[in-house]
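Below: one structure, written as structure tokens.
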There are 2 protein chains.
Amino acid sequence: MARTDTATAPNLAEPRPADMRVETVLGALSDPVRLSIVRTLAATEGESRSCGSFGLSVSKSTASHHFRVLRDAGVVRQHDEGRHRMTELRRAELDARFPGLLDSVIAAV
Amino acid sequence: MARTDTATAPNLAEPRPADMRVETVLGALSDPVRLSIVRTLAATEGESRSCGSFGLSVSKSTASHHFRVLRDAGVVRQHDEGRHRMTELRRAELDARFPGLLDSVIAAV
DNA sequence: TCAACTGTTCGACGACCATCGTACAGAACT
DNA sequence: AGTTCTGTACGATGGTCGTCGAACAGTTGA
């Protein structure tokens, strides 16, 4: 059943760029699991991946938690495709709001 | 009182650039108090400031804790001058290790 | 010498965080 | 129908974090 976005849709809302706080973004990126998620996304820029395709070494529930932290911070965007929840980097919003931040973090060895 | 690992100097050792981890640096910068410290330091680049000159709205012990987190992460360097412990941004080391990171964080509005 | 000043250390507290297993819900495919 | 797959929600747990006050140590200056 095709459902409209406001009434019954799951809450996948990301913050607007103006509402994104740099402390929150930095906190989201300061966890090794979440950083690996972001780096995986950056490696295939523009594409979206299912949660299970990251090869994370944590449980399903923990992974789900990390994706939510990244989404709430405004780092990623998610949308449902069938039984998959696809995750995508919010590259444009991030670059506009915090120029250079994402690149420097991703490039960090 | 202050532990001495060499002869008489207090233990104010910072990590070598090669030992600095980006997750740790991001975690250090993700706290509002510590971020304000870094921004204050960046505003007067090259100068060092005493801990009390930051106008932090936390207790002495809490402030001391935050300076230590920044120092352990490699973000700042400290040295004693009389009864003041001076803090300075490790701009060169940071820029060499994580190019663009500090600038993007400081510039974030 | 003594007092004031600067900052650290200690112990404690509450809050938050990363983690997990279980249960659950929707979608796809027999 | 049922089964499998993907991911979320819930509740719990152990650890870390930010915070404070009190006590302490070193320096400076009266």
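Following the order of the structure tokens, chains are lettered A, B, ..., residues in each are numbered from 1, and ligands are numbered from 1.
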(message) Applying 12 Å and only C-alpha atoms (C1' of nucleotides), which residues near His66 in chain B remain after dropping the ones on its own chain fewer than 5 positions away? List them as a list of chain:residue names.
(response)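 Non-adjacent residues within range: B:Gly27, B:Ala28, B:Leu29, B:Ser30, B:Asp31, B:Pro32, B:Val33, B:Arg34, B:Leu35, B:Ser36, B:Ile37, B:Val38, B:Cys51, B:Leu56, B:Val58, B:Ser59, B:Lys60, B:Ser61, B:Arg71, B:Asp72, B:Ala73, B:Val75, B:Val76, B:Thr87, D:DC17, D:DG18, D:DT19.
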Could the residues in this selection be saved with C-alpha atoms (C1' of nucleotides) as a compact mmCIF listing (two decimals), in the first residue's frame?
```txt
# COMPACT_ATOMS: atom_id res chain seq x y z
CA GLY B 27 35.41 13.51 20.70
CA ALA B 28 37.50 16.21 22.33
CA LEU B 29 35.97 18.86 20.09
CA SER B 30 32.40 17.63 20.52
CA ASP B 31 31.94 19.21 23.94
CA PRO B 32 30.68 22.82 24.08
CA VAL B 33 33.08 23.86 26.83
CA ARG B 34 36.10 22.40 25.06
CA LEU B 35 35.02 23.81 21.73
CA SER B 36 34.83 27.27 23.28
CA ILE B 37 38.34 26.81 24.65
CA VAL B 38 39.66 25.90 21.21
CA CYS B 51 43.36 28.43 32.30
CA LEU B 56 34.46 29.29 31.49
CA VAL B 58 32.19 25.65 35.05
CA SER B 59 34.05 24.95 38.26
CA LYS B 60 37.83 24.92 38.51
CA SER B 61 37.97 21.14 38.68
CA ARG B 71 45.84 17.88 25.91
CA ASP B 72 45.52 14.09 25.88
CA ALA B 73 43.81 14.25 22.50
CA VAL B 75 44.68 19.46 20.49
CA VAL B 76 46.55 21.71 22.89
CA THR B 87 47.61 26.56 27.13
C1' DC D 17 31.40 11.37 30.78
C1' DG D 18 30.56 15.97 32.76
C1' DT D 19 29.97 17.94 36.92
```
(message) Distance cut-off 9 Å, counting only C-alpha atoms (C1' of nucleotides) - which residues of chain D neighbour chain B? Return them as a PyMOL selection string.
(response) chain D and resi 18-20+24-28
Selection from above, C-alpha atoms (C1' of nucleotides), as a PDB file, in the first residue's frame, can you write it?
```
ATOM      1  C1'  DG D  18      30.561  15.970  32.758  1.00  0.00           C
ATOM      2  C1'  DT D  19      29.973  17.940  36.916  1.00  0.00           C
ATOM      3  C1'  DC D  20      30.920  19.396  41.591  1.00  0.00           C
ATOM      4  C1'  DC D  24      46.120  19.736  48.375  1.00  0.00           C
ATOM      5  C1'  DA D  25      50.584  21.749  46.255  1.00  0.00           C
ATOM      6  C1'  DG D  26      53.346  25.302  44.122  1.00  0.00           C
ATOM      7  C1'  DT D  27      54.077  30.226  43.226  1.00  0.00           C
ATOM      8  C1'  DT D  28      53.791  34.989  44.249  1.00  0.00           C
TER       9       DT D  28
END
```
Proximity check chain C to chain A, 12 Å, nearest pairs one decimal Å, only C-alpha atoms (C1' of nucleotides), as JSON lines:
```
{"residue": "C:DC17", "atom": "C1'", "partner": "A:Asp31", "partner_atom": "CA", "distance": 10.7}
{"residue": "C:DA18", "atom": "C1'", "partner": "A:Thr62", "partner_atom": "CA", "distance": 7.5}
{"residue": "C:DT19", "atom": "C1'", "partner": "A:Thr62", "partner_atom": "CA", "distance": 6.5}
{"residue": "C:DC20", "atom": "C1'", "partner": "A:Ser59", "partner_atom": "CA", "distance": 7.2}
{"residue": "C:DG21", "atom": "C1'", "partner": "A:Ser61", "partner_atom": "CA", "distance": 9.1}
{"residue": "C:DT22", "atom": "C1'", "partner": "A:Ser61", "partner_atom": "CA", "distance": 10.6}
{"residue": "C:DA23", "atom": "C1'", "partner": "A:Ser61", "partner_atom": "CA", "distance": 11.9}
{"residue": "C:DA25", "atom": "C1'", "partner": "A:Arg83", "partner_atom": "CA", "distance": 10.8}
{"residue": "C:DG26", "atom": "C1'", "partner": "A:Arg83", "partner_atom": "CA", "distance": 7.1}
{"residue": "C:DA27", "atom": "C1'", "partner": "A:Arg83", "partner_atom": "CA", "distance": 5.0}
{"residue": "C:DA28", "atom": "C1'", "partner": "A:Arg83", "partner_atom": "CA", "distance": 7.9}
```
(request) First superpose chain B onto chain A using a least-squares fit over all Cα atoms taken in order; then report the RMSD in Å. (result) 2.6 Å
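Near chain B, within 6 Å and using only C-alpha atoms, the residues of chain A are Glu23, Leu26, Gly27, Ser30, Phe98, Gly100, Leu101, Ser104 and Ala108 of chain A.
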Neighbouring residues of Arg85 in chain B were defined as those with any atom within 8 Å, considering only C-alpha atoms (C1' of nucleotides); residues of the same chain fewer than 4 positions away were excluded. Please report them as a CSV table (one decimal) with C-alpha atoms (C1' of nucleotides), in the first residue's frame.
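Result file is out36.csv:
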```csv
chain,number,residue,atom,x,y,z
B,50,SER,CA,46.2,30.8,31.4
B,51,CYS,CA,43.4,28.4,32.3
B,78,GLN,CA,50.5,23.2,28.1
B,79,HIS,CA,53.5,24.5,30.0
B,80,ASP,CA,53.8,26.0,33.4
B,81,GLU,CA,54.8,29.7,34.0
C,7,DG,C1',45.3,24.9,39.1
```
(message) One decimal, in Å: what's the spacing between CA of Ser48 in chain B and CA of Asp19 in chain B?
(response)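 Atom-to-atom, CA of Ser48 in chain B and CA of Asp19 in chain B are spaced 23.5 Å apart.
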